[in-house]
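A.B. asks: Just one file: run.pdb, with PDB, N, CA and C atoms, pLDDT in the B column.
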ATOM      1  N   MET A   1    -224.992-123.651  25.431  1.00 60.00           N
ATOM      2  CA  MET A   1    -225.068-122.237  25.108  1.00 60.00           C
ATOM      3  C   MET A   1    -224.987-122.021  23.605  1.00 60.00           C
ATOM      4  N   GLY A   2    -224.191-122.822  22.920  1.00 81.00           N
ATOM      5  CA  GLY A   2    -224.098-122.693  21.482  1.00 81.00           C
ATOM      6  C   GLY A   2    -223.124-121.619  21.041  1.00 81.00           C
ATOM      7  N   LYS A   3    -223.211-121.291  19.779  1.00 89.00           N
ATOM      8  CA  LYS A   3    -222.330-120.294  19.193  1.00 89.00           C
ATOM      9  C   LYS A   3    -222.696-118.893  19.691  1.00 89.00           C
ATOM     10  N   PRO A   4    -221.683-118.076  20.079  1.00 89.00           N
ATOM     11  CA  PRO A   4    -222.006-116.724  20.556  1.00 89.00           C
ATOM     12  C   PRO A   4    -222.475-115.831  19.416  1.00 89.00           C
ATOM     13  N   TRP A   5    -223.355-114.902  19.750  1.00 89.00           N
ATOM     14  CA  TRP A   5    -223.854-113.924  18.789  1.00 89.00           C
ATOM     15  C   TRP A   5    -223.073-112.630  18.879  1.00 89.00           C
ATOM     16  N   PHE A   6    -222.502-112.342  20.051  1.00 92.00           N
ATOM     17  CA  PHE A   6    -221.790-111.094  20.293  1.00 92.00           C
ATOM     18  C   PHE A   6    -220.458-111.398  20.959  1.00 92.00           C
ATOM     19  N   ARG A   7    -219.446-110.590  20.661  1.00 88.00           N
ATOM     20  CA  ARG A   7    -218.142-110.691  21.317  1.00 88.00           C
ATOM     21  C   ARG A   7    -218.052-109.611  22.390  1.00 88.00           C
ATOM     22  N   THR A   8    -217.425-109.958  23.498  1.00 87.00           N
ATOM     23  CA  THR A   8    -217.222-108.953  24.534  1.00 87.00           C
ATOM     24  C   THR A   8    -216.152-107.972  24.078  1.00 87.00           C
ATOM     25  N   LYS A   9    -216.217-106.771  24.611  1.00 86.00           N
ATOM     26  CA  LYS A   9    -215.265-105.728  24.240  1.00 86.00           C
ATOM     27  C   LYS A   9    -213.884-106.036  24.793  1.00 86.00           C
ATOM     28  N   SER A  10    -212.852-105.586  24.090  1.00 84.00           N
ATOM     29  CA  SER A  10    -211.485-105.714  24.589  1.00 84.00           C
ATOM     30  C   SER A  10    -211.188-104.653  25.636  1.00 84.00           C
ATOM     31  N   TYR A  11    -211.803-103.509  25.495  1.00 87.00           N
ATOM     32  CA  TYR A  11    -211.638-102.399  26.432  1.00 87.00           C
ATOM     33  C   TYR A  11    -213.016-101.945  26.884  1.00 87.00           C
ATOM     34  N   GLY A  12    -213.195-101.812  28.185  1.00 85.00           N
ATOM     35  CA  GLY A  12    -214.476-101.339  28.697  1.00 85.00           C
ATOM     36  C   GLY A  12    -215.345-102.478  29.190  1.00 85.00           C
ATOM     37  N   PHE A  13    -216.635-102.212  29.258  1.00 88.00           N
ATOM     38  CA  PHE A  13    -217.604-103.148  29.829  1.00 88.00           C
ATOM     39  C   PHE A  13    -218.644-103.519  28.787  1.00 88.00           C
ATOM     40  N   GLY A  14    -219.053-104.766  28.769  1.00 86.00           N
ATOM     41  CA  GLY A  14    -220.153-105.179  27.909  1.00 86.00           C
ATOM     42  C   GLY A  14    -219.710-105.840  26.622  1.00 86.00           C
ATOM     43  N   ALA A  15    -220.603-105.827  25.656  1.00 89.00           N
ATOM     44  CA  ALA A  15    -220.374-106.484  24.374  1.00 89.00           C
ATOM     45  C   ALA A  15    -220.243-105.448  23.270  1.00 89.00           C
ATOM     46  N   GLY A  16    -219.584-105.860  22.206  1.00 85.00           N
ATOM     47  CA  GLY A  16    -219.407-104.993  21.051  1.00 85.00           C
ATOM     48  C   GLY A  16    -220.339-105.394  19.923  1.00 85.00           C
ATOM     49  N   LEU A  17    -219.834-105.303  18.724  1.00 89.00           N
ATOM     50  CA  LEU A  17    -220.634-105.638  17.550  1.00 89.00           C
ATOM     51  C   LEU A  17    -220.880-107.140  17.454  1.00 89.00           C
ATOM     52  N   PRO A  18    -221.921-107.532  16.748  1.00 92.00           N
ATOM     53  CA  PRO A  18    -222.214-108.956  16.595  1.00 92.00           C
ATOM     54  C   PRO A  18    -221.128-109.685  15.810  1.00 92.00           C
ATOM     55  N   CYS A  19    -221.016-110.989  16.073  1.00 91.00           N
ATOM     56  CA  CYS A  19    -220.060-111.828  15.358  1.00 91.00           C
ATOM     57  C   CYS A  19    -220.770-112.914  14.556  1.00 91.00           C
ATOM     58  N   SER A  20    -222.107-112.857  14.470  1.00 92.00           N
ATOM     59  CA  SER A  20    -222.858-113.827  13.676  1.00 92.00           C
ATOM     60  C   SER A  20    -224.098-113.147  13.097  1.00 92.00           C
ATOM     61  N   TRP A  21    -224.727-113.826  12.155  1.00 94.00           N
ATOM     62  CA  TRP A  21    -225.909-113.234  11.529  1.00 94.00           C
ATOM     63  C   TRP A  21    -227.068-113.124  12.523  1.00 94.00           C
ATOM     64  N   GLN A  22    -227.110-114.010  13.521  1.00 94.00           N
ATOM     65  CA  GLN A  22    -228.179-113.924  14.509  1.00 94.00           C
ATOM     66  C   GLN A  22    -228.079-112.633  15.324  1.00 94.00           C
ATOM     67  N   GLY A  23    -226.854-112.226  15.634  1.00 93.00           N
ATOM     68  CA  GLY A  23    -226.665-110.971  16.355  1.00 93.00           C
ATOM     69  C   GLY A  23    -227.095-109.772  15.532  1.00 93.00           C
ATOM     70  N   TRP A  24    -226.727-109.781  14.246  1.00 95.00           N
ATOM     71  CA  TRP A  24    -227.151-108.680  13.368  1.00 95.00           C
ATOM     72  C   TRP A  24    -228.665-108.658  13.230  1.00 95.00           C
ATOM     73  N   ALA A  25    -229.284-109.840  13.128  1.00 96.00           N
ATOM     74  CA  ALA A  25    -230.744-109.897  13.028  1.00 96.00           C
ATOM     75  C   ALA A  25    -231.400-109.373  14.309  1.00 96.00           C
ATOM     76  N   ALA A  26    -230.808-109.667  15.461  1.00 96.00           N
ATOM     77  CA  ALA A  26    -231.353-109.167  16.725  1.00 96.00           C
ATOM     78  C   ALA A  26    -231.288-107.644  16.774  1.00 96.00           C
ATOM     79  N   ILE A  27    -230.183-107.069  16.305  1.00 95.00           N
ATOM     80  CA  ILE A  27    -230.056-105.607  16.291  1.00 95.00           C
ATOM     81  C   ILE A  27    -231.079-104.985  15.346  1.00 95.00           C
ATOM     82  N   VAL A  28    -231.240-105.567  14.165  1.00 96.00           N
ATOM     83  CA  VAL A  28    -232.202-105.030  13.194  1.00 96.00           C
ATOM     84  C   VAL A  28    -233.622-105.110  13.748  1.00 96.00           C
ATOM     85  N   LEU A  29    -233.981-106.229  14.375  1.00 96.00           N
ATOM     86  CA  LEU A  29    -235.319-106.365  14.951  1.00 96.00           C
ATOM     87  C   LEU A  29    -235.529-105.397  16.115  1.00 96.00           C
ATOM     88  N   PHE A  30    -234.497-105.172  16.921  1.00 95.00           N
ATOM     89  CA  PHE A  30    -234.608-104.222  18.028  1.00 95.00           C
ATOM     90  C   PHE A  30    -234.840-102.807  17.510  1.00 95.00           C
ATOM     91  N   ILE A  31    -234.072-102.402  16.503  1.00 95.00           N
ATOM     92  CA  ILE A  31    -234.236-101.064  15.929  1.00 95.00           C
ATOM     93  C   ILE A  31    -235.612-100.922  15.279  1.00 95.00           C
ATOM     94  N   ALA A  32    -236.041-101.958  14.550  1.00 94.00           N
ATOM     95  CA  ALA A  32    -237.364-101.911  13.914  1.00 94.00           C
ATOM     96  C   ALA A  32    -238.471-101.814  14.960  1.00 94.00           C
ATOM     97  N   ALA A  33    -238.318-102.513  16.074  1.00 92.00           N
ATOM     98  CA  ALA A  33    -239.331-102.443  17.126  1.00 92.00           C
ATOM     99  C   ALA A  33    -239.367-101.059  17.765  1.00 92.00           C
ATOM    100  N   MET A  34    -238.198-100.464  17.994  1.00 90.00           N
ATOM    101  CA  MET A  34    -238.159 -99.132  18.603  1.00 90.00           C
ATOM    102  C   MET A  34    -238.758 -98.077  17.667  1.00 90.00           C
ATOM    103  N   ILE A  35    -238.495 -98.212  16.371  1.00 90.00           N
ATOM    104  CA  ILE A  35    -239.050 -97.255  15.404  1.00 90.00           C
ATOM    105  C   ILE A  35    -240.536 -97.508  15.177  1.00 90.00           C
ATOM    106  N   GLY A  36    -240.935 -98.778  15.187  1.00 88.00           N
ATOM    107  CA  GLY A  36    -242.321 -99.129  14.895  1.00 88.00           C
ATOM    108  C   GLY A  36    -243.288 -98.954  16.051  1.00 88.00           C
ATOM    109  N   LEU A  37    -242.779 -98.746  17.261  1.00 81.00           N
ATOM    110  CA  LEU A  37    -243.682 -98.586  18.413  1.00 81.00           C
ATOM    111  C   LEU A  37    -244.694 -97.468  18.243  1.00 81.00           C
ATOM    112  N   PRO A  38    -244.308 -96.264  17.816  1.00 78.00           N
ATOM    113  CA  PRO A  38    -245.323 -95.219  17.649  1.00 78.00           C
ATOM    114  C   PRO A  38    -246.378 -95.564  16.604  1.00 78.00           C
ATOM    115  N   LEU A  39    -245.997 -96.342  15.607  1.00 80.00           N
ATOM    116  CA  LEU A  39    -246.977 -96.729  14.592  1.00 80.00           C
ATOM    117  C   LEU A  39    -248.015 -97.701  15.149  1.00 80.00           C
ATOM    118  N   VAL A  40    -247.560 -98.604  16.007  1.00 76.00           N
ATOM    119  CA  VAL A  40    -248.463 -99.611  16.558  1.00 76.00           C
ATOM    120  C   VAL A  40    -249.257 -99.060  17.738  1.00 76.00           C
ATOM    121  N   PHE A  41    -248.545 -98.417  18.674  1.00 70.00           N
ATOM    122  CA  PHE A  41    -249.182 -97.945  19.899  1.00 70.00           C
ATOM    123  C   PHE A  41    -249.507 -96.458  19.882  1.00 70.00           C
ATOM    124  N   GLY A  42    -249.427 -95.820  18.744  1.00 69.00           N
ATOM    125  CA  GLY A  42    -249.660 -94.384  18.676  1.00 69.00           C
ATOM    126  C   GLY A  42    -251.008 -93.959  19.213  1.00 69.00           C
ATOM    127  N   SER A  43    -252.042 -94.680  18.854  1.00 67.00           N
ATOM    128  CA  SER A  43    -253.373 -94.305  19.328  1.00 67.00           C
ATOM    129  C   SER A  43    -253.592 -94.663  20.797  1.00 67.00           C
ATOM    130  N   LEU A  44    -252.842 -95.632  21.309  1.00 63.00           N
ATOM    131  CA  LEU A  44    -252.985 -96.008  22.713  1.00 63.00           C
ATOM    132  C   LEU A  44    -252.192 -95.102  23.644  1.00 63.00           C
ATOM    133  N   GLU A  45    -251.158 -94.425  23.118  1.00 63.00           N
ATOM    134  CA  GLU A  45    -250.337 -93.561  23.957  1.00 63.00           C
ATOM    135  C   GLU A  45    -251.066 -92.266  24.324  1.00 63.00           C
ATOM    136  N   GLN A  46    -252.050 -91.893  23.567  1.00 68.00           N
ATOM    137  CA  GLN A  46    -252.787 -90.667  23.876  1.00 68.00           C
ATOM    138  C   GLN A  46    -253.478 -90.757  25.243  1.00 68.00           C
ATOM    139  N   PRO A  47    -254.305 -91.786  25.501  1.00 72.00           N
ATOM    140  CA  PRO A  47    -254.927 -91.859  26.826  1.00 72.00           C
ATOM    141  C   PRO A  47    -253.977 -92.418  27.902  1.00 72.00           C
ATOM    142  N   HIS A  48    -252.938 -93.166  27.502  1.00 73.00           N
ATOM    143  CA  HIS A  48    -252.004 -93.788  28.449  1.00 73.00           C
ATOM    144  C   HIS A  48    -250.574 -93.407  28.074  1.00 73.00           C
ATOM    145  N   PRO A  49    -250.088 -92.241  28.472  1.00 75.00           N
ATOM    146  CA  PRO A  49    -248.756 -91.798  28.042  1.00 75.00           C
ATOM    147  C   PRO A  49    -247.619 -92.669  28.560  1.00 75.00           C
ATOM    148  N   TRP A  50    -247.811 -93.370  29.664  1.00 81.00           N
ATOM    149  CA  TRP A  50    -246.741 -94.211  30.201  1.00 81.00           C
ATOM    150  C   TRP A  50    -246.607 -95.534  29.459  1.00 81.00           C
ATOM    151  N   LEU A  51    -247.567 -95.882  28.628  1.00 79.00           N
ATOM    152  CA  LEU A  51    -247.509 -97.148  27.900  1.00 79.00           C
ATOM    153  C   LEU A  51    -246.312 -97.198  26.960  1.00 79.00           C
ATOM    154  N   GLY A  52    -246.071 -96.133  26.223  1.00 78.00           N
ATOM    155  CA  GLY A  52    -244.937 -96.099  25.304  1.00 78.00           C
ATOM    156  C   GLY A  52    -243.606 -96.149  26.022  1.00 78.00           C
ATOM    157  N   ILE A  53    -243.502 -95.421  27.130  1.00 83.00           N
ATOM    158  CA  ILE A  53    -242.255 -95.422  27.896  1.00 83.00           C
ATOM    159  C   ILE A  53    -241.987 -96.799  28.494  1.00 83.00           C
ATOM    160  N   ALA A  54    -243.003 -97.410  29.078  1.00 86.00           N
ATOM    161  CA  ALA A  54    -242.842 -98.728  29.680  1.00 86.00           C
ATOM    162  C   ALA A  54    -242.477 -99.783  28.633  1.00 86.00           C
ATOM    163  N   THR A  55    -243.077 -99.692  27.458  1.00 85.00           N
ATOM    164  CA  THR A  55    -242.769-100.644  26.396  1.00 85.00           C
ATOM    165  C   THR A  55    -241.338-100.476  25.904  1.00 85.00           C
ATOM    166  N   ARG A  56    -240.894 -99.241  25.751  1.00 88.00           N
ATOM    167  CA  ARG A  56    -239.512 -99.003  25.322  1.00 88.00           C
ATOM    168  C   ARG A  56    -238.506 -99.498  26.357  1.00 88.00           C
ATOM    169  N   ILE A  57    -238.783 -99.236  27.621  1.00 93.00           N
ATOM    170  CA  ILE A  57    -237.881 -99.715  28.679  1.00 93.00           C
ATOM    171  C   ILE A  57    -237.838-101.243  28.681  1.00 93.00           C
ATOM    172  N   GLY A  58    -238.978-101.882  28.498  1.00 93.00           N
ATOM    173  CA  GLY A  58    -239.010-103.340  28.417  1.00 93.00           C
ATOM    174  C   GLY A  58    -238.209-103.882  27.251  1.00 93.00           C
ATOM    175  N   LEU A  59    -238.314-103.238  26.090  1.00 94.00           N
ATOM    176  CA  LEU A  59    -237.524-103.661  24.928  1.00 94.00           C
ATOM    177  C   LEU A  59    -236.028-103.493  25.173  1.00 94.00           C
ATOM    178  N   ILE A  60    -235.632-102.378  25.765  1.00 95.00           N
ATOM    179  CA  ILE A  60    -234.215-102.133  26.031  1.00 95.00           C
ATOM    180  C   ILE A  60    -233.659-103.149  27.023  1.00 95.00           C
ATOM    181  N   VAL A  61    -234.383-103.379  28.109  1.00 97.00           N
ATOM    182  CA  VAL A  61    -233.920-104.348  29.106  1.00 97.00           C
ATOM    183  C   VAL A  61    -233.862-105.749  28.502  1.00 97.00           C
ATOM    184  N   GLY A  62    -234.869-106.124  27.728  1.00 96.00           N
ATOM    185  CA  GLY A  62    -234.855-107.429  27.075  1.00 96.00           C
ATOM    186  C   GLY A  62    -233.697-107.595  26.105  1.00 96.00           C
ATOM    187  N   PHE A  63    -233.375-106.540  25.369  1.00 94.00           N
ATOM    188  CA  PHE A  63    -232.258-106.608  24.424  1.00 94.00           C
ATOM    189  C   PHE A  63    -230.924-106.731  25.158  1.00 94.00           C
ATOM    190  N   ILE A  64    -230.762-105.996  26.253  1.00 94.00           N
ATOM    191  CA  ILE A  64    -229.522-106.095  27.033  1.00 94.00           C
ATOM    192  C   ILE A  64    -229.360-107.495  27.602  1.00 94.00           C
ATOM    193  N   VAL A  65    -230.433-108.087  28.101  1.00 95.00           N
ATOM    194  CA  VAL A  65    -230.357-109.459  28.630  1.00 95.00           C
ATOM    195  C   VAL A  65    -230.013-110.440  27.519  1.00 95.00           C
ATOM    196  N   LEU A  66    -230.598-110.283  26.344  1.00 94.00           N
ATOM    197  CA  LEU A  66    -230.288-111.156  25.210  1.00 94.00           C
ATOM    198  C   LEU A  66    -228.813-111.060  24.841  1.00 94.00           C
ATOM    199  N   VAL A  67    -228.283-109.845  24.728  1.00 93.00           N
ATOM    200  CA  VAL A  67    -226.873-109.667  24.377  1.00 93.00           C
ATOM    201  C   VAL A  67    -225.980-110.260  25.462  1.00 93.00           C
ATOM    202  N   TRP A  68    -226.330-110.069  26.717  1.00 92.00           N
ATOM    203  CA  TRP A  68    -225.541-110.606  27.820  1.00 92.00           C
ATOM    204  C   TRP A  68    -225.499-112.141  27.771  1.00 92.00           C
ATOM    205  N   ARG A  69    -226.653-112.756  27.520  1.00 92.00           N
ATOM    206  CA  ARG A  69    -226.703-114.222  27.490  1.00 92.00           C
ATOM    207  C   ARG A  69    -226.026-114.816  26.262  1.00 92.00           C
ATOM    208  N   LYS A  70    -226.002-114.086  25.152  1.00 91.00           N
ATOM    209  CA  LYS A  70    -225.440-114.600  23.912  1.00 91.00           C
ATOM    210  C   LYS A  70    -224.022-114.090  23.648  1.00 91.00           C
ATOM    211  N   SER A  71    -223.355-113.540  24.665  1.00 90.00           N
ATOM    212  CA  SER A  71    -221.972-113.103  24.516  1.00 90.00           C
ATOM    213  C   SER A  71    -221.030-114.290  24.713  1.00 90.00           C
ATOM    214  N   ASP A  72    -219.813-114.159  24.187  1.00 87.00           N
ATOM    215  CA  ASP A  72    -218.877-115.263  24.256  1.00 87.00           C
ATOM    216  C   ASP A  72    -218.186-115.414  25.612  1.00 87.00           C
ATOM    217  N   LYS A  73    -218.082-114.338  26.398  1.00 84.00           N
ATOM    218  CA  LYS A  73    -217.447-114.394  27.719  1.00 84.00           C
ATOM    219  C   LYS A  73    -218.319-113.630  28.708  1.00 84.00           C
ATOM    220  N   PRO A  74    -218.101-113.874  29.998  1.00 85.00           N
ATOM    221  CA  PRO A  74    -218.836-113.070  30.986  1.00 85.00           C
ATOM    222  C   PRO A  74    -218.472-111.597  30.872  1.00 85.00           C
ATOM    223  N   TRP A  75    -219.425-110.734  31.132  1.00 82.00           N
ATOM    224  CA  TRP A  75    -219.177-109.297  31.077  1.00 82.00           C
ATOM    225  C   TRP A  75    -218.363-108.873  32.283  1.00 82.00           C
ATOM    226  N   GLY A  76    -217.502-107.946  32.066  1.00 81.00           N
ATOM    227  CA  GLY A  76    -216.691-107.371  33.124  1.00 81.00           C
ATOM    228  C   GLY A  76    -215.817-106.293  32.517  1.00 81.00           C
ATOM    229  N   TRP A  77    -215.205-105.488  33.372  1.00 86.00           N
ATOM    230  CA  TRP A  77    -214.345-104.425  32.874  1.00 86.00           C
ATOM    231  C   TRP A  77    -213.068-105.034  32.334  1.00 86.00           C
ATOM    232  N   ARG A  78    -212.678-104.634  31.119  1.00 82.00           N
ATOM    233  CA  ARG A  78    -211.473-105.172  30.479  1.00 82.00           C
ATOM    234  C   ARG A  78    -210.525-104.033  30.106  1.00 82.00           C
ATOM    235  N   TRP A  79    -209.235-104.335  30.224  1.00 86.00           N
ATOM    236  CA  TRP A  79    -208.170-103.387  29.885  1.00 86.00           C
ATOM    237  C   TRP A  79    -207.316-103.930  28.746  1.00 86.00           C
ATOM    238  N   GLY A  80    -207.900-104.552  27.794  1.00 74.00           N
ATOM    239  CA  GLY A  80    -207.133-105.116  26.675  1.00 74.00           C
ATOM    240  C   GLY A  80    -206.476-106.412  27.081  1.00 74.00           C
ATOM    241  N   ASP A  81    -205.134-106.479  26.964  1.00 73.00           N
ATOM    242  CA  ASP A  81    -204.401-107.703  27.264  1.00 73.00           C
ATOM    243  C   ASP A  81    -204.016-107.838  28.731  1.00 73.00           C
ATOM    244  N   ARG A  82    -204.320-106.874  29.547  1.00 67.00           N
ATOM    245  CA  ARG A  82    -203.954-106.964  30.965  1.00 67.00           C
ATOM    246  C   ARG A  82    -204.738-108.025  31.680  1.00 67.00           C
TER     247      ARG A  82
END
Give the structure from the file, written as structure tokens.
C.D. replies:
Amino acid sequence: MGKPWFRTKSYGFGAGLPCSWQGWAAIVLFIAAMIGLPLVFGSLEQPHPWLGIATRIGLIVGFIVLVWRKSDKPWGWRWGDR
């Protein structure tokens, strides 16, 4: 598995902020892709309005899977030290 990119939260479910440069790079690339989608697919969204929505959903799901796989512990609900 290697070095984790994200740490799991102490309270709640899921992962928190990145703990390595790879995690920060993944966040920056995800944000750039979400912002850049209208620039790339802008002309294609006119005849196919669902293309932009489907692409965004795919990016979000892919990013969540990446964070889940690169976290240091399994995801689950946490109550701090309990």
A.B. asks: Leaving out Pro4 of chain A and any residue of its chain fewer than 5 positions from it, which residues lie within 6 Å of it when counting only C-alpha atoms, given as a PyMOL selection string?
C.D. replies: chain A and resi 70-72
A.B. asks: Please evaluate the PyMOL selection byres ((chain A and resi 18-29) around 8) against the displayed coordinates and give the resulting residues as a list in words.
C.D. replies: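 In the shown coordinates, the PyMOL selection byres ((chain A and resi 18-29) around 8) covers Lys3, Pro4, Trp5, Phe6, Arg7, Ala15, Gly16, Leu17, Phe30, Ile31, Ala32, Ala33, Met34, Ile35 and Phe63 of chain A.
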A.B. asks: Neighbouring residues of Gly80 of chain A were defined as those with any atom within 10 Å, considering only C-alpha atoms; residues of the same chain fewer than 4 positions away were excluded. Please report them as a PyMOL selection string.
C.D. replies: chain A and resi 9-12
A.B. asks: Among the residues of chain A, find those DSSP assigns to helix (DSSP H, G or I) from the backbone and print them as number ranges by chain.
C.D. replies: A: 21-45, 49-69
A.B. asks: If you measure from atom CA of Trp50 of chain A to atom C of Val67 of chain A, what distance in Å do you get, rounded to one decimal?
C.D. replies: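 If I compute the distance from atom CA of Trp50 of chain A to atom C of Val67 of chain A, I get 26.7 Å.
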A.B. asks: According to DSSP computed on the backbone, where in chain A is there strand (DSSP E or B)? Give the residues as a list in words.
C.D. replies: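 Answer for chain A, restricted to strand (DSSP E or B): Phe6, Arg7, Thr8, Tyr11, Gly12, Ala15, Gly16, Leu17, Pro18, Ser71, Arg78 and Trp79 of chain A.
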A.B. asks: Produce a file of the selected residues containing N, CA and C atoms, as a PDB file, keeping the file's coordinate frame.
C.D. replies:
ATOM      1  N   PHE A   6    -222.502-112.342  20.051  1.00 92.00           N
ATOM      2  CA  PHE A   6    -221.790-111.094  20.293  1.00 92.00           C
ATOM      3  C   PHE A   6    -220.458-111.398  20.959  1.00 92.00           C
ATOM      4  N   ARG A   7    -219.446-110.590  20.661  1.00 88.00           N
ATOM      5  CA  ARG A   7    -218.142-110.691  21.317  1.00 88.00           C
ATOM      6  C   ARG A   7    -218.052-109.611  22.390  1.00 88.00           C
ATOM      7  N   THR A   8    -217.425-109.958  23.498  1.00 87.00           N
ATOM      8  CA  THR A   8    -217.222-108.953  24.534  1.00 87.00           C
ATOM      9  C   THR A   8    -216.152-107.972  24.078  1.00 87.00           C
ATOM     10  N   TYR A  11    -211.803-103.509  25.495  1.00 87.00           N
ATOM     11  CA  TYR A  11    -211.638-102.399  26.432  1.00 87.00           C
ATOM     12  C   TYR A  11    -213.016-101.945  26.884  1.00 87.00           C
ATOM     13  N   GLY A  12    -213.195-101.812  28.185  1.00 85.00           N
ATOM     14  CA  GLY A  12    -214.476-101.339  28.697  1.00 85.00           C
ATOM     15  C   GLY A  12    -215.345-102.478  29.190  1.00 85.00           C
ATOM     16  N   ALA A  15    -220.603-105.827  25.656  1.00 89.00           N
ATOM     17  CA  ALA A  15    -220.374-106.484  24.374  1.00 89.00           C
ATOM     18  C   ALA A  15    -220.243-105.448  23.270  1.00 89.00           C
ATOM     19  N   GLY A  16    -219.584-105.860  22.206  1.00 85.00           N
ATOM     20  CA  GLY A  16    -219.407-104.993  21.051  1.00 85.00           C
ATOM     21  C   GLY A  16    -220.339-105.394  19.923  1.00 85.00           C
ATOM     22  N   LEU A  17    -219.834-105.303  18.724  1.00 89.00           N
ATOM     23  CA  LEU A  17    -220.634-105.638  17.550  1.00 89.00           C
ATOM     24  C   LEU A  17    -220.880-107.140  17.454  1.00 89.00           C
ATOM     25  N   PRO A  18    -221.921-107.532  16.748  1.00 92.00           N
ATOM     26  CA  PRO A  18    -222.214-108.956  16.595  1.00 92.00           C
ATOM     27  C   PRO A  18    -221.128-109.685  15.810  1.00 92.00           C
ATOM     28  N   SER A  71    -223.355-113.540  24.665  1.00 90.00           N
ATOM     29  CA  SER A  71    -221.972-113.103  24.516  1.00 90.00           C
ATOM     30  C   SER A  71    -221.030-114.290  24.713  1.00 90.00           C
ATOM     31  N   ARG A  78    -212.678-104.634  31.119  1.00 82.00           N
ATOM     32  CA  ARG A  78    -211.473-105.172  30.479  1.00 82.00           C
ATOM     33  C   ARG A  78    -210.525-104.033  30.106  1.00 82.00           C
ATOM     34  N   TRP A  79    -209.235-104.335  30.224  1.00 86.00           N
ATOM     35  CA  TRP A  79    -208.170-103.387  29.885  1.00 86.00           C
ATOM     36  C   TRP A  79    -207.316-103.930  28.746  1.00 86.00           C
TER      37      TRP A  79
END
A.B. asks: If you measure from atom N of Asp81 of chain A to atom N of Thr8 of chain A, what distance in Å do you get, rounded to one decimal?
C.D. replies: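 Distance between the two atoms: 13.2 Å.
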A.B. asks: As a list of chain:residue names, please: the residues near Trp68 of chain A (cut-off 8 Å, only C-alpha atoms, same-chain neighbours under 6 positions excluded).
C.D. replies: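 Everything that qualifies: A:Gly14, A:Ala15, A:Pro74, A:Trp75.
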A.B. asks: For atom CA of Ile64 of chain A and atom CA of Leu51 of chain A, determine how far apart the two atoms are, in Å to one decimal place.
C.D. replies: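 About the pair atom CA of Ile64 of chain A and atom CA of Leu51 of chain A: they are 20.1 Å apart.
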A.B. asks: Find the axis-aligned box for segment 34-42 of chain A, covering all its listed atoms and adding 5 Å on each side, and write its centre and edge lengths in Å to one decimal as lines of an AutoDock Vina configuration file.
C.D. replies:
center_x = -244.6
center_y = -97.2
center_z = 17.2
size_x = 22.8
size_y = 16.5
size_z = 15.3
